[in-house]
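Trainee: Data file input38.txt (compact mmCIF, C-alpha atoms and all ligand atoms) is appended below.
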# COMPACT_ATOMS: atom_id res chain seq x y z
CA MET A 1 24.71 229.43 191.75
CA LYS A 2 21.44 228.19 190.23
CA LYS A 3 20.11 230.38 187.43
CA LEU A 4 16.46 231.04 186.63
CA ARG A 5 14.84 233.25 184.00
CA THR A 6 11.45 235.00 183.87
CA GLN A 7 9.90 238.06 182.28
CA VAL A 8 9.09 239.93 185.49
CA GLY A 9 10.86 239.24 188.80
CA ILE A 10 8.73 240.39 191.72
CA VAL A 11 10.14 240.97 195.20
CA GLY A 12 7.54 240.55 197.97
CA ALA A 13 4.30 238.58 198.26
CA GLY A 14 2.14 241.30 199.79
CA PRO A 15 -0.96 242.64 198.05
CA ALA A 16 1.19 244.56 195.52
CA GLY A 17 3.49 241.68 194.50
CA LEU A 18 0.83 238.98 194.36
CA MET A 19 -1.70 241.13 192.49
CA LEU A 20 0.98 242.20 190.01
CA SER A 21 1.83 238.56 189.34
CA HIS A 22 -1.87 237.69 188.95
CA LEU A 23 -2.60 240.58 186.54
CA LEU A 24 0.48 239.78 184.44
CA HIS A 25 -0.55 236.11 184.25
CA LEU A 26 -3.95 237.15 182.89
CA GLU A 27 -2.07 239.02 180.15
CA GLY A 28 0.04 235.94 179.38
CA ILE A 29 3.18 237.37 181.01
CA GLU A 30 5.38 235.16 183.20
CA SER A 31 6.61 236.23 186.61
CA ILE A 32 8.30 234.80 189.71
CA VAL A 33 7.40 236.19 193.14
CA ILE A 34 10.17 235.96 195.74
CA GLU A 35 9.15 236.36 199.39
CA ALA A 36 11.26 236.44 202.57
CA GLN A 37 8.57 234.92 204.81
CA SER A 38 6.68 231.62 204.79
CA ARG A 39 3.25 231.12 203.24
CA SER A 40 1.63 230.68 206.66
CA HIS A 41 3.25 233.90 207.90
CA ILE A 42 1.90 236.09 205.09
CA GLU A 43 -1.51 234.40 205.20
CA GLY A 44 -1.86 235.10 208.93
CA ARG A 45 -0.53 238.68 209.05
CA VAL A 46 -3.33 240.97 210.27
CA ARG A 47 -3.19 244.42 208.69
CA ALA A 48 -5.68 246.45 206.66
CA GLY A 49 -9.27 245.48 205.97
CA VAL A 50 -11.19 248.12 204.01
CA LEU A 51 -11.42 247.67 200.23
CA GLU A 52 -12.32 250.56 197.96
CA GLN A 53 -14.92 249.93 195.27
CA GLY A 54 -12.17 249.87 192.60
CA THR A 55 -10.26 247.14 194.47
CA VAL A 56 -13.45 245.08 194.80
CA ASP A 57 -14.26 245.54 191.10
CA LEU A 58 -10.73 244.42 190.18
CA MET A 59 -10.94 241.33 192.43
CA ARG A 60 -14.23 240.36 190.74
CA SER A 61 -13.17 241.08 187.17
CA THR A 62 -10.00 239.02 187.59
CA GLY A 63 -11.69 235.94 189.06
CA LEU A 64 -10.90 236.58 192.73
CA GLY A 65 -14.34 237.70 193.88
CA GLU A 66 -16.13 234.51 194.86
CA ARG A 67 -15.07 234.10 198.51
CA MET A 68 -14.94 237.87 199.02
CA ASP A 69 -18.55 238.19 197.83
CA ARG A 70 -19.59 235.38 200.18
CA GLU A 71 -17.69 236.40 203.30
CA SER A 72 -17.11 240.16 203.17
CA LEU A 73 -19.23 242.85 204.78
CA ARG A 74 -20.59 245.52 202.42
CA HIS A 75 -20.84 248.98 204.03
CA ARG A 76 -22.88 251.90 202.72
CA GLY A 77 -20.83 254.41 204.74
CA VAL A 78 -19.17 255.21 208.07
CA TYR A 79 -20.01 257.08 211.26
CA LEU A 80 -18.11 260.11 212.51
CA SER A 81 -18.56 260.50 216.25
CA PHE A 82 -17.80 263.61 218.33
CA ASP A 83 -19.29 265.31 221.37
CA GLY A 84 -20.82 261.93 222.26
CA ASN A 85 -22.99 261.70 219.11
CA ARG A 86 -22.62 259.48 216.04
CA HIS A 87 -23.32 260.98 212.60
CA HIS A 88 -23.82 258.74 209.60
CA LEU A 89 -22.25 259.46 206.21
CA ASP A 90 -24.03 257.45 203.52
CA PHE A 91 -21.40 256.94 200.80
CA ARG A 92 -23.80 254.97 198.62
CA GLU A 93 -26.30 257.79 198.53
CA LEU A 94 -23.58 260.44 198.09
CA THR A 95 -21.44 258.70 195.43
CA GLY A 96 -23.27 255.54 194.30
CA LYS A 97 -20.33 253.50 195.64
CA CYS A 98 -19.70 251.40 198.78
CA ILE A 99 -16.74 250.09 200.73
CA THR A 100 -16.15 246.44 201.56
CA VAL A 101 -14.66 245.03 204.75
CA TYR A 102 -12.50 242.00 203.90
CA ALA A 103 -9.25 241.44 205.79
CA GLN A 104 -5.97 241.93 203.94
CA HIS A 105 -4.80 238.41 204.86
CA GLU A 106 -7.95 237.00 203.22
CA VAL A 107 -7.04 238.91 200.01
CA ILE A 108 -3.55 237.40 200.32
CA LYS A 109 -4.98 233.87 200.70
CA ASP A 110 -7.15 234.35 197.58
CA LEU A 111 -4.20 235.66 195.58
CA VAL A 112 -1.81 232.90 196.69
CA ARG A 113 -4.37 230.23 195.85
CA ALA A 114 -5.09 231.76 192.42
CA ARG A 115 -1.39 231.98 191.58
CA LEU A 116 -0.61 228.43 192.70
CA GLU A 117 -3.67 226.97 190.92
CA ALA A 118 -2.41 228.61 187.72
CA ASP A 119 1.05 227.04 188.29
CA GLY A 120 2.47 230.45 189.18
CA GLN A 121 5.76 230.53 191.03
CA ILE A 122 5.90 232.02 194.53
CA LEU A 123 9.18 231.26 196.25
CA PHE A 124 8.80 231.52 200.02
CA ASP A 125 11.48 231.78 202.72
CA ALA A 126 13.99 233.48 200.41
CA LYS A 127 16.85 235.02 202.39
CA HIS A 128 19.58 237.62 201.72
CA LEU A 129 17.80 238.95 198.65
CA SER A 130 19.45 241.61 196.51
CA VAL A 131 18.60 243.30 193.21
CA ALA A 132 21.19 244.43 190.65
CA ASN A 133 21.74 245.62 187.06
CA PHE A 134 18.30 247.18 186.91
CA GLU A 135 19.60 249.88 184.60
CA SER A 136 20.34 247.25 181.89
CA ALA A 137 19.71 243.51 182.49
CA PRO A 138 18.05 243.12 185.90
CA VAL A 139 18.80 240.22 188.23
CA ILE A 140 17.48 239.18 191.63
CA ARG A 141 19.73 237.06 193.85
CA TYR A 142 18.63 235.21 196.97
CA GLN A 143 19.31 232.17 199.09
CA GLN A 144 16.92 229.35 199.84
CA ASP A 145 17.70 226.17 201.79
CA GLY A 146 21.42 227.00 201.74
CA GLU A 147 21.47 227.32 197.93
CA THR A 148 22.13 230.62 196.06
CA TYR A 149 19.86 231.54 193.14
CA GLU A 150 19.93 234.22 190.47
CA VAL A 151 16.79 235.21 188.57
CA ALA A 152 17.38 237.08 185.31
CA CYS A 153 14.39 239.13 184.17
CA ASP A 154 13.27 241.99 181.90
CA PHE A 155 11.76 244.02 184.75
CA ILE A 156 11.75 243.98 188.56
CA GLY A 157 8.61 244.75 190.55
CA GLY A 158 9.86 246.21 193.84
CA CYS A 159 6.86 245.21 195.97
CA ASP A 160 8.75 244.50 199.20
CA GLY A 161 7.09 247.01 201.51
CA PHE A 162 8.52 249.90 203.48
CA HIS A 163 11.43 247.94 205.00
CA GLY A 164 12.36 246.05 201.84
CA VAL A 165 15.60 246.13 199.86
CA CYS A 166 14.46 247.45 196.47
CA ARG A 167 14.09 251.14 197.35
CA PRO A 168 17.44 251.34 199.21
CA SER A 169 19.16 249.66 196.22
CA ILE A 170 18.46 252.66 194.01
CA PRO A 171 21.62 254.81 193.83
CA GLU A 172 21.82 257.78 196.14
CA GLY A 173 20.62 261.04 194.62
CA VAL A 174 18.01 259.47 192.33
CA LEU A 175 15.04 259.55 194.72
CA ASN A 176 13.47 262.53 196.42
CA VAL A 177 11.92 261.69 199.77
CA PHE A 178 8.88 263.53 201.15
CA GLU A 179 8.05 262.57 204.69
CA ARG A 180 6.01 263.50 207.73
CA THR A 181 5.86 261.70 211.06
CA TYR A 182 3.04 262.21 213.57
CA PRO A 183 3.33 262.73 217.32
CA PHE A 184 1.02 259.77 218.01
CA ALA A 185 0.57 256.08 217.14
CA TRP A 186 -2.34 253.59 217.10
CA LEU A 187 -2.74 250.82 219.62
CA GLY A 188 -4.79 248.22 217.76
CA ILE A 189 -6.56 245.11 219.01
CA LEU A 190 -8.37 242.25 217.38
CA ALA A 191 -11.13 241.00 219.69
CA GLU A 192 -13.48 238.04 219.69
CA ALA A 193 -16.65 240.11 219.92
CA ALA A 194 -19.50 240.54 217.48
CA PRO A 195 -19.50 244.06 215.99
CA SER A 196 -22.12 246.22 217.73
CA SER A 197 -22.26 248.62 214.77
CA GLU A 198 -22.71 247.51 211.17
CA GLU A 199 -20.32 250.22 210.01
CA LEU A 200 -17.01 251.77 211.13
CA VAL A 201 -17.12 254.47 213.81
CA TYR A 202 -14.37 257.14 213.71
CA THR A 203 -14.34 258.99 217.04
CA TYR A 204 -12.79 262.30 218.07
CA THR A 205 -12.58 262.97 221.83
CA ASP A 206 -10.39 265.15 224.00
CA ARG A 207 -8.82 261.89 225.31
CA GLY A 208 -7.72 261.13 221.74
CA PHE A 209 -8.93 259.34 218.63
CA ALA A 210 -10.55 255.89 218.61
CA LEU A 211 -11.78 253.70 215.76
CA PHE A 212 -14.32 250.93 215.89
CA SER A 213 -14.08 248.52 212.97
CA MET A 214 -14.53 244.84 212.29
CA ARG A 215 -13.04 241.97 210.30
CA SER A 216 -15.95 239.49 210.32
CA PRO A 217 -19.39 238.94 211.95
CA SER A 218 -17.62 237.68 215.10
CA VAL A 219 -14.37 239.69 215.21
CA THR A 220 -13.96 243.40 215.97
CA ARG A 221 -10.86 245.48 215.23
CA LEU A 222 -10.42 248.53 217.45
CA TYR A 223 -7.79 251.22 217.67
CA LEU A 224 -6.96 254.00 220.06
CA GLN A 225 -4.56 256.89 219.67
CA CYS A 226 -1.53 256.54 221.95
CA SER A 227 1.94 257.99 222.31
CA PRO A 228 4.46 256.84 219.64
CA ASN A 229 6.77 255.61 222.43
CA GLU A 230 4.06 253.58 224.12
CA ASP A 231 5.12 250.15 225.42
CA ILE A 232 2.40 247.59 224.71
CA ARG A 233 3.37 245.77 227.92
CA ASN A 234 1.89 248.68 229.87
CA TRP A 235 -1.51 248.02 228.34
CA SER A 236 -3.35 245.14 229.96
CA ASP A 237 -6.50 243.96 228.15
CA ASP A 238 -8.58 245.58 230.94
CA ARG A 239 -6.86 248.92 230.52
CA ILE A 240 -7.36 248.83 226.74
CA TRP A 241 -11.08 248.05 227.04
CA LYS A 242 -11.59 250.72 229.71
CA GLU A 243 -10.00 253.36 227.49
CA LEU A 244 -11.85 252.19 224.36
CA LEU A 245 -15.20 252.27 226.16
CA GLN A 246 -14.49 255.72 227.54
CA ARG A 247 -13.71 257.11 224.08
CA LEU A 248 -16.24 255.22 221.98
CA THR A 249 -19.44 255.12 224.10
CA THR A 250 -21.98 257.63 222.81
CA LYS A 251 -24.76 259.52 224.60
CA ASP A 252 -27.44 257.21 223.16
CA GLY A 253 -25.72 254.29 224.96
CA TRP A 254 -23.97 252.76 221.91
CA ALA A 255 -20.68 251.02 222.82
CA PRO A 256 -18.55 248.22 221.38
CA ASN A 257 -19.15 244.68 222.62
CA VAL A 258 -16.31 243.57 224.87
CA GLY A 259 -14.60 240.21 224.31
CA PRO A 260 -11.28 238.36 224.60
CA VAL A 261 -8.34 240.16 222.97
CA LEU A 262 -6.87 237.92 220.25
CA GLN A 263 -3.99 240.18 219.17
CA LYS A 264 -2.64 243.59 220.08
CA GLY A 265 0.08 245.86 218.73
CA ILE A 266 1.21 249.41 218.11
CA THR A 267 1.36 250.93 214.61
CA ASP A 268 3.38 254.06 213.83
CA MET A 269 1.75 256.86 211.87
CA ARG A 270 3.73 258.16 208.93
CA SER A 271 3.27 259.86 205.57
CA PHE A 272 6.07 259.01 203.12
CA VAL A 273 6.57 259.31 199.35
CA VAL A 274 9.54 258.75 197.06
CA GLU A 275 9.71 260.32 193.65
CA PRO A 276 10.16 258.89 191.10
CA MET A 277 8.78 255.40 191.77
CA GLN A 278 11.05 253.84 189.15
CA HIS A 279 14.69 253.66 188.15
CA GLY A 280 15.78 251.87 184.98
CA ARG A 281 13.84 248.60 184.89
CA LEU A 282 13.05 248.57 188.62
CA PHE A 283 9.52 249.72 189.47
CA LEU A 284 8.51 250.36 193.09
CA ALA A 285 4.89 249.69 194.05
CA GLY A 286 2.85 249.91 197.25
CA ASP A 287 4.52 250.51 200.62
CA ALA A 288 7.97 250.26 198.98
CA ALA A 289 7.24 253.67 197.44
CA HIS A 290 4.81 255.31 199.85
CA ILE A 291 3.15 255.07 203.25
CA VAL A 292 -0.04 256.74 204.44
CA PRO A 293 -1.34 256.98 207.99
CA PRO A 294 -4.08 254.32 208.25
CA THR A 295 -6.89 256.78 209.09
CA GLY A 296 -8.10 256.89 205.48
CA ALA A 297 -7.86 253.06 205.06
CA LYS A 298 -5.77 253.47 201.92
CA GLY A 299 -2.50 251.45 202.23
CA MET A 300 -3.61 248.21 200.61
CA ASN A 301 -5.80 249.99 198.05
CA LEU A 302 -2.86 252.13 196.93
CA ALA A 303 -0.71 249.02 196.51
CA ILE A 304 -3.37 247.48 194.27
CA ALA A 305 -3.78 250.73 192.29
CA ASP A 306 -0.01 250.95 191.61
CA VAL A 307 0.23 247.43 190.23
CA THR A 308 -2.86 247.92 188.09
CA VAL A 309 -1.03 250.80 186.37
CA LEU A 310 2.23 248.81 186.24
CA SER A 311 0.69 245.65 184.79
CA ARG A 312 -0.94 247.71 182.00
CA ALA A 313 2.40 249.36 181.23
CA ILE A 314 4.30 246.05 181.14
CA SER A 315 1.59 244.42 179.05
CA ASN A 316 1.69 247.33 176.59
CA PHE A 317 5.45 246.84 176.31
CA TYR A 318 5.19 243.14 175.42
CA ARG A 319 2.24 243.64 173.05
CA ASN A 320 3.27 246.77 171.21
CA GLY A 321 6.96 247.17 172.02
CA SER A 322 6.16 250.60 173.44
CA GLU A 323 7.87 251.93 176.56
CA ASP A 324 5.57 254.98 176.80
CA LEU A 325 3.37 253.68 179.63
CA LEU A 326 6.42 252.35 181.47
CA ALA A 327 8.07 255.77 181.26
CA ALA A 328 4.86 257.37 182.57
CA TYR A 329 4.37 254.82 185.42
CA SER A 330 5.68 257.02 188.20
CA SER A 331 3.89 260.21 187.17
CA THR A 332 0.61 258.35 186.57
CA CYS A 333 0.70 256.81 190.07
CA LEU A 334 1.97 259.92 191.85
CA ARG A 335 -0.77 262.18 190.55
CA ARG A 336 -3.42 260.05 192.25
CA LEU A 337 -1.18 259.13 195.20
CA TRP A 338 -0.71 262.74 196.32
CA LYS A 339 -4.47 263.21 196.47
CA VAL A 340 -4.72 260.08 198.61
CA GLN A 341 -1.85 261.38 200.80
CA ARG A 342 -3.75 264.64 201.23
CA PHE A 343 -6.93 262.81 202.22
CA SER A 344 -5.15 260.50 204.69
CA TRP A 345 -3.35 263.46 206.28
CA TRP A 346 -6.60 265.47 206.48
CA MET A 347 -8.58 262.64 208.13
CA THR A 348 -5.70 262.17 210.58
CA ALA A 349 -5.44 265.87 211.39
CA MET A 350 -9.20 266.26 211.87
CA LEU A 351 -9.68 263.25 214.13
CA HIS A 352 -6.63 263.17 216.41
CA HIS A 353 -5.82 265.04 219.57
CA TRP A 354 -2.61 267.00 219.00
CA GLU A 355 -0.19 267.55 221.91
CA THR A 356 0.17 271.19 220.99
CA GLN A 357 -3.58 271.74 220.67
CA ASN A 358 -5.21 274.50 222.68
CA GLU A 359 -8.89 275.31 223.21
CA PHE A 360 -9.01 277.22 219.91
CA ASP A 361 -7.81 274.12 218.01
CA HIS A 362 -10.26 271.89 219.87
CA ARG A 363 -13.19 274.11 218.90
CA ARG A 364 -11.94 274.42 215.33
CA GLN A 365 -11.75 270.62 215.05
CA LEU A 366 -15.30 270.29 216.41
CA ALA A 367 -16.48 272.90 213.89
CA GLU A 368 -14.79 270.98 211.08
CA LEU A 369 -16.49 267.74 212.14
CA ASP A 370 -19.81 269.57 212.41
CA TYR A 371 -19.31 270.94 208.88
CA VAL A 372 -18.28 267.58 207.44
CA THR A 373 -21.38 265.90 208.89
CA SER A 374 -23.89 268.61 207.97
CA SER A 375 -22.89 270.05 204.58
CA ARG A 376 -23.75 267.78 201.64
CA ALA A 377 -20.82 269.21 199.66
CA ALA A 378 -18.35 268.41 202.48
CA MET A 379 -19.83 264.93 203.04
CA THR A 380 -19.59 264.19 199.31
CA SER A 381 -15.96 265.26 199.23
CA LEU A 382 -15.08 262.93 202.11
CA ALA A 383 -17.16 260.12 200.58
CA GLU A 384 -15.63 260.25 197.09
CA ASN A 385 -12.14 260.09 198.56
CA TYR A 386 -13.02 257.28 200.99
CA VAL A 387 -14.65 255.01 198.37
CA GLY A 388 -11.61 255.61 196.14
CA LEU A 389 -10.67 258.16 193.49
CA PRO A 390 -10.76 256.85 189.91
CA LEU A 391 -7.60 255.47 188.30
CA GLU A 392 -6.45 257.49 185.30
C1 LIG B 1 1.76 246.45 210.97
C2 LIG B 1 0.90 247.07 209.91
C3 LIG B 1 -0.46 247.30 210.17
C4 LIG B 1 -1.26 247.91 209.21
N1 LIG B 1 -2.56 248.15 209.48
C5 LIG B 1 -3.32 248.78 208.57
C6 LIG B 1 -4.66 249.08 208.85
O1 LIG B 1 -5.17 248.77 209.93
N2 LIG B 1 -5.39 249.73 207.90
C7 LIG B 1 -4.83 250.09 206.68
O2 LIG B 1 -5.52 250.67 205.85
N3 LIG B 1 -3.57 249.79 206.39
C8 LIG B 1 -2.81 249.16 207.29
N4 LIG B 1 -1.52 248.88 207.00
C9 LIG B 1 -1.03 249.22 205.66
C10 LIG B 1 -1.26 248.11 204.61
O3 LIG B 1 -1.33 246.87 205.23
C11 LIG B 1 -0.11 248.20 203.61
O4 LIG B 1 -0.22 249.45 202.97
C12 LIG B 1 -0.10 247.06 202.57
O5 LIG B 1 0.28 245.86 203.19
C13 LIG B 1 0.87 247.39 201.44
O6 LIG B 1 1.05 246.28 200.61
P1 LIG B 1 2.45 246.00 199.91
O7 LIG B 1 2.24 244.78 199.09
O8 LIG B 1 2.94 247.23 199.27
O9 LIG B 1 3.48 245.72 201.10
P2 LIG B 1 3.51 244.58 202.20
O10 LIG B 1 2.14 244.09 202.50
O11 LIG B 1 4.34 245.10 203.31
O12 LIG B 1 4.26 243.38 201.48
C14 LIG B 1 5.65 243.38 201.26
C15 LIG B 1 6.14 241.94 201.23
O13 LIG B 1 7.53 241.94 200.93
C16 LIG B 1 8.19 241.01 201.78
N5 LIG B 1 9.59 241.42 201.88
C17 LIG B 1 10.11 242.48 202.55
N6 LIG B 1 11.45 242.52 202.42
C18 LIG B 1 11.77 241.47 201.62
C19 LIG B 1 13.01 240.98 201.12
N7 LIG B 1 14.18 241.57 201.42
N8 LIG B 1 12.99 239.88 200.36
C20 LIG B 1 11.81 239.28 200.02
N9 LIG B 1 10.61 239.69 200.47
C21 LIG B 1 10.60 240.78 201.27
C22 LIG B 1 7.43 241.11 203.08
O14 LIG B 1 7.60 239.95 203.89
C23 LIG B 1 6.00 241.26 202.58
O15 LIG B 1 5.36 240.02 202.43
C24 LIG B 1 -0.70 248.28 207.95
C25 LIG B 1 0.64 248.01 207.70
C26 LIG B 1 1.44 247.44 208.66
C27 LIG B 1 2.90 247.20 208.34
Could you quickly redo this structure as structure tokens?
Mentor:
Amino acid sequence: MKKLRTQVGIVGAGPAGLMLSHLLHLEGIESIVIEAQSRSHIEGRVRAGVLEQGTVDLMRSTGLGERMDRESLRHRGVYLSFDGNRHHLDFRELTGKCITVYAQHEVIKDLVRARLEADGQILFDAKHLSVANFESAPVIRYQQDGETYEVACDFIGGCDGFHGVCRPSIPEGVLNVFERTYPFAWLGILAEAAPSSEELVYTYTDRGFALFSMRSPSVTRLYLQCSPNEDIRNWSDDRIWKELLQRLTTKDGWAPNVGPVLQKGITDMRSFVVEPMQHGRLFLAGDAAHIVPPTGAKGMNLAIADVTVLSRAISNFYRNGSEDLLAAYSSTCLRRLWKVQRFSWWMTAMLHHWETQNEFDHRRQLAELDYVTSSRAAMTSLAENYVGLPLE
């Protein structure tokens, strides 16, 4: 077995793991990131795309902003559409903050490049990874090219997503799980079509929810609510476009531009939290600790928020020998996380068609949308959550 040593061993090269490694490096702290997939796989994986103002500010202040500032799309707000009419919510005017559309895999490319240019270690294609001894002297074991490795470290960053190994390695009885599944999923497509709206359009119809969004000036990203058991093979490109046009077209004639479908897939909707987000010297961050339904565009932003808190705590430990911030990591993250969970659940509940819904519920949902698009107080509440609540 080959033995390696670092200060912080990080499992997973998603936004959480890579940003943690980057932030630690800026504080002079060494880390090794160990990833199951290849570099090309993680750099091509299409997922989220909306950055909160805090995420954008962090990218800029840590030297990652140049390409994002050149290529991203800055949005003042979003549209909520119902009863065939679009209503604009101007976040900039309501909160002074914006959102930025920049695909998650572009953030990943920027982070990978920054780490490698700084001689950071990202070990790709690591198989059979396990974590151990995180209550005393943590180690990460994995195999690469037929060879077995063991990384000894002071701390482990469990940044390996919802299906990773870090969370399940914590002994039974330590974690409390809070979970909610939804009786619908999202069928998402990436299409080669110029966006016909400069900003996202969230649509409630009695056929179900639909979302118009974009990833670049020539690529649109669209979603429609479907059954959680839906088989993507039953959805031809024609059927998808027909359904999207039916749900998204508004009375003033606005509709998405139609173009070739580049990718399609179905995403489950789930709310999930474990408490606490740490055990011994293992710290869970991002999807490893929590999942939100994508309606509030929060998954990637939460991952970045967690590791911002974690990097400060680890840095405080090495500088001052204090474990106070490390001990408070979970409670600091969870206080903000639960508010983000609430917002993501609320957006989901307001905008989706529920199987059990009757005419009363339909009218109540329309009234809620009417309120949220006409009361300045309600619009401001939505806006301040969407652009991102402050970190403590
Ligand atoms: C299919 C999908 C679509 C999504 N779409 C949207 C969207 O449209 N809008 C939105 O807001 N959010 C979306 N999200 C959520 C958002 O992308 C996530 O919240 C975000 O990726 C979380 O970052 P993370 O670093 O915590 O985890 P991840 O990005 O999942 O990164 C975890 C990393 O760990 C690696 N890993 C896992 N297991 C191991 C192991 N055993 N050993 C080593 N490495 C391992 C994985 O390969 C991965 O690279 C989507 C998520 C998924 C899964």
Trainee: Using Å and a single decimal, report how far CA of Gln53 in chain A sits from CA of Gly96 in chain A.
Mentor: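 Result for CA of Gly96 in chain A versus CA of Gln53 in chain A: 10.1 Å, one decimal.
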Trainee: Please provide the set of residues having any atom within 8 Å of Thr203 in chain A, restricted to all atoms listed in the file, with same-chain residues fewer than 6 positions apart removed, written as a PyMOL selection string.
Mentor: chain A and resi 80-82+209-211+247-248+351
Trainee: Taking a cut-off of 8 Å and counting all atoms listed in the file, can you build a table that, for each residue of chain A near ligand LIG 1 (chain B), reports the nearest atom pair and how far apart they are in Å (one decimal), sorted by chain then residue number, as a Markdown table?
Mentor:
| residue | atom | partner | partner_atom | distance |
| --- | --- | --- | --- | --- |
| A:Val11 | CA | B:LIG1 | C20 | 5.4 |
| A:Gly12 | CA | B:LIG1 | O13 | 3.3 |
| A:Ala13 | CA | B:LIG1 | O15 | 4.5 |
| A:Gly14 | CA | B:LIG1 | O12 | 3.4 |
| A:Pro15 | CA | B:LIG1 | O7 | 4.0 |
| A:Ala16 | CA | B:LIG1 | O7 | 3.7 |
| A:Gly17 | CA | B:LIG1 | O7 | 5.7 |
| A:Leu18 | CA | B:LIG1 | O7 | 7.6 |
| A:Ile34 | CA | B:LIG1 | C20 | 5.7 |
| A:Glu35 | CA | B:LIG1 | N9 | 3.8 |
| A:Ala36 | CA | B:LIG1 | C20 | 3.9 |
| A:Gln37 | CA | B:LIG1 | O14 | 5.2 |
| A:Ile42 | CA | B:LIG1 | O15 | 5.9 |
| A:Val46 | CA | B:LIG1 | C3 | 7.0 |
| A:Arg47 | CA | B:LIG1 | N1 | 3.9 |
| A:Ala48 | CA | B:LIG1 | N2 | 3.5 |
| A:Gly49 | CA | B:LIG1 | N2 | 6.1 |
| A:Val50 | CA | B:LIG1 | O2 | 6.5 |
| A:Gln104 | CA | B:LIG1 | O3 | 6.9 |
| A:Asp125 | CA | B:LIG1 | C20 | 8.0 |
| A:Ala126 | CA | B:LIG1 | C20 | 6.2 |
| A:Lys127 | CA | B:LIG1 | N8 | 6.5 |
| A:His128 | CA | B:LIG1 | N7 | 6.7 |
| A:Leu129 | CA | B:LIG1 | N8 | 5.2 |
| A:Ser130 | CA | B:LIG1 | N7 | 7.2 |
| A:Cys159 | CA | B:LIG1 | O8 | 5.5 |
| A:Asp160 | CA | B:LIG1 | O13 | 3.3 |
| A:Gly161 | CA | B:LIG1 | O11 | 3.8 |
| A:Phe162 | CA | B:LIG1 | O11 | 6.4 |
| A:His163 | CA | B:LIG1 | N6 | 6.0 |
| A:Gly164 | CA | B:LIG1 | N6 | 3.7 |
| A:Val165 | CA | B:LIG1 | N7 | 5.0 |
| A:Cys166 | CA | B:LIG1 | N7 | 7.7 |
| A:Gly188 | CA | B:LIG1 | O1 | 7.9 |
| A:Gly265 | CA | B:LIG1 | C1 | 8.0 |
| A:Ile266 | CA | B:LIG1 | C1 | 7.7 |
| A:Thr267 | CA | B:LIG1 | C1 | 5.8 |
| A:Ala285 | CA | B:LIG1 | O8 | 6.1 |
| A:Gly286 | CA | B:LIG1 | O8 | 3.4 |
| A:Asp287 | CA | B:LIG1 | O8 | 3.9 |
| A:Ala288 | CA | B:LIG1 | O8 | 5.9 |
| A:Ala289 | CA | B:LIG1 | O8 | 8.0 |
| A:Ile291 | CA | B:LIG1 | O4 | 6.6 |
| A:Val292 | CA | B:LIG1 | O4 | 7.4 |
| A:Pro293 | CA | B:LIG1 | N3 | 7.7 |
| A:Pro294 | CA | B:LIG1 | C7 | 4.6 |
| A:Thr295 | CA | B:LIG1 | O2 | 7.1 |
| A:Gly296 | CA | B:LIG1 | O2 | 6.7 |
| A:Ala297 | CA | B:LIG1 | O2 | 3.4 |
| A:Lys298 | CA | B:LIG1 | O2 | 4.8 |
| A:Gly299 | CA | B:LIG1 | O4 | 3.1 |
| A:Met300 | CA | B:LIG1 | C12 | 4.2 |
| A:Asn301 | CA | B:LIG1 | O4 | 7.5 |
| A:Leu302 | CA | B:LIG1 | O4 | 7.1 |
| A:Ala303 | CA | B:LIG1 | O8 | 4.9 |
| A:Ile304 | CA | B:LIG1 | O6 | 7.8 |
Trainee: Write out as a list in words which residues come within 8 Å of Phe212 in chain A when counting all atoms listed in the file, dropping same-chain ones fewer than 3 positions away.
Mentor: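 The contact residues come out as Leu200, Val201, Tyr202, Thr220, Arg221, Leu222, Tyr223, Leu248 and Pro256 of chain A.
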Trainee: Of the candidates A:His352, A:Arg312, A:His105, A:Lys3, which one gets nearest to Gln143 in chain A if we count all atoms listed in the file?
Mentor: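 Comparing A:His352, A:Arg312, A:His105, A:Lys3 against Gln143 in chain A, the winner is A:Lys3.
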Trainee: Calculate how many Å separate CA of Leu116 in chain A from CA of Phe134 in chain A, rounding to one decimal.
Mentor: 27.3 Å
Trainee: For CA of Thr55 in chain A and CA of Met347 in chain A, quote the distance in Å rounded to one decimal.
Mentor: 20.7 Å
Trainee: I'd like to know which of A:Tyr149, A:Trp345, A:Trp241, A:Tyr371 is closest to Lys2 in chain A, using only C-alpha atoms.
Mentor: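 Nearest to Lys2 in chain A: A:Tyr149.
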Trainee: Given the choices A:Asn229, A:Ser213, A:Thr205, A:Ser169, which gets closest to Tyr102 in chain A if the distance is worked out from all atoms listed in the file?
Mentor: A:Ser213
Trainee: Taking only C-alpha atoms into account, name the residue in A:Ser330, A:His279, A:Leu20, A:Asp83 that is nearest to Ala367 in chain A.
Mentor: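 Selected residue with least distance to Ala367 in chain A: A:Asp83.
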